[in-house]
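Written below as structure tokens is the structure these notes are about.
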Amino acid sequence: MKKEKKLLAILLVSLLLAVTVLSGCGSPKGGTVSPSNLEITPPPVSSSNLEVTPPPAKTELTAEEARAKVLEKVPYATTENFTEFEADYDDGRKEYEGTLVYGKMACEFEIDAETGEFRDWEVDNFSDCIRCN
């Protein structure tokens, strides 16, 4: 008896599946779905879905951010180690340039204020210098 119920349930599910497939699975105009009978309705246009978000405004690097980028390259140095630091324009582009002295080295740099990239980074090591008393 249990086997017969199980077989009947499988037969009913199979029949339901066959009817669904043969009827076109609820396609728009019955039958198979093709580009010619597929209807796509765009969403309604309203002022709420037409709002355009402008891209974020480009902000140039501040002097404090430029100093922080230099300090990231020289561990343990502080803002007191800057001997020169100024904003300048090179080829019409703003840049920050200066010198940081820490320990036995002097770091000269130029940073593009628009991109935040280092244009120049030079390190002079003073370990070979003769100390004068």
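In the structure tokens, chains take the letters A, B, ... in the order shown, each chain's residues start at 1, and ligands count up from 1 in the order shown.
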
Distance query range 112-125 of chain A at most 7 Å, only C-alpha atoms, self and fewer than 3 positions along chain excluded, as an mmCIF file with N, CA, C and O atoms, in the first residue's frame:
```cif
data_model
loop_
_atom_site.group_PDB
_atom_site.id
_atom_site.type_symbol
_atom_site.label_atom_id
_atom_site.label_comp_id
_atom_site.auth_asym_id
_atom_site.auth_seq_id
_atom_site.Cartn_x
_atom_site.Cartn_y
_atom_site.Cartn_z
ATOM 1 N N GLU A 60 42.690 68.226 -3.566
ATOM 2 C CA GLU A 60 44.139 68.086 -3.598
ATOM 3 C C GLU A 60 44.647 67.808 -2.198
ATOM 4 O O GLU A 60 43.994 68.087 -1.192
ATOM 5 N N LEU A 61 45.816 67.254 -2.150
ATOM 6 C CA LEU A 61 46.485 66.904 -0.916
ATOM 7 C C LEU A 61 46.767 68.172 -0.107
ATOM 8 O O LEU A 61 47.214 69.176 -0.658
ATOM 9 N N LYS A 94 50.404 71.985 -8.700
ATOM 10 C CA LYS A 94 50.829 72.242 -7.328
ATOM 11 C C LYS A 94 51.577 71.030 -6.793
ATOM 12 O O LYS A 94 51.198 69.885 -7.041
ATOM 13 N N GLU A 95 52.643 71.313 -6.061
ATOM 14 C CA GLU A 95 53.406 70.248 -5.428
ATOM 15 C C GLU A 95 53.918 70.726 -4.076
ATOM 16 O O GLU A 95 53.960 71.924 -3.800
ATOM 17 N N TYR A 96 54.270 69.764 -3.249
ATOM 18 C CA TYR A 96 54.915 70.070 -1.977
ATOM 19 C C TYR A 96 56.339 69.550 -2.079
ATOM 20 O O TYR A 96 56.576 68.442 -2.574
ATOM 21 N N LYS A 104 71.086 60.026 10.610
ATOM 22 C CA LYS A 104 72.219 60.307 9.728
ATOM 23 C C LYS A 104 71.780 60.391 8.278
ATOM 24 O O LYS A 104 72.536 60.032 7.377
ATOM 25 N N MET A 105 70.556 60.835 8.040
ATOM 26 C CA MET A 105 70.102 60.960 6.648
ATOM 27 C C MET A 105 69.263 62.210 6.443
ATOM 28 O O MET A 105 68.614 62.704 7.362
ATOM 29 N N ALA A 106 69.317 62.680 5.212
ATOM 30 C CA ALA A 106 68.490 63.815 4.784
ATOM 31 C C ALA A 106 67.657 63.328 3.600
ATOM 32 O O ALA A 106 68.194 62.758 2.646
ATOM 33 N N CYS A 107 66.362 63.526 3.680
ATOM 34 C CA CYS A 107 65.450 63.080 2.623
ATOM 35 C C CYS A 107 64.884 64.315 1.928
ATOM 36 O O CYS A 107 64.246 65.152 2.577
ATOM 37 N N GLU A 108 65.124 64.413 0.634
ATOM 38 C CA GLU A 108 64.545 65.488 -0.164
ATOM 39 C C GLU A 108 63.397 64.897 -0.964
ATOM 40 O O GLU A 108 63.523 63.797 -1.511
ATOM 41 N N PHE A 109 62.299 65.640 -1.056
ATOM 42 C CA PHE A 109 61.109 65.080 -1.697
ATOM 43 C C PHE A 109 60.341 66.127 -2.472
ATOM 44 O O PHE A 109 60.464 67.320 -2.222
#
```

Name the residues of range 42-128 of chain A that fall into alpha helix (DSSP H) according to DSSP on the backbone, using the chain letters and numbers of this document, as an MDAnalysis selection string. chainID A and resid 63:73

Would you mind telling me which residue in A:Tyr102, A:Ala87, A:Pro75, A:Glu39 lies nearest to Thr62 in chain A when using only C-alpha atoms? A:Ala87

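In terms of minimum interatomic distance to Val74 in chain A, A:Gly103 ranks closest within A:Glu51, A:Gly103, A:Lys58, A:Asp90, counting only C-alpha atoms.
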
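For the residues A:Pro44, A:Asp91, A:Ile10, A:Leu100, ranking by smallest atom-to-atom distance to Ala68 in chain A using only C-alpha atoms places A:Leu100 first.
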
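Minimum atom-to-atom distances from A:Ile40, A:Thr59, A:Glu64, A:Thr99 to Asn81 in chain A were compared using only C-alpha atoms, and the lowest value belongs to A:Thr99.
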
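Remark: for Glu80 in chain A, the closest of the candidate residues A:Ala63, A:Val101, A:Pro42, A:Gly92 is A:Val101 (distances computed over only C-alpha atoms).
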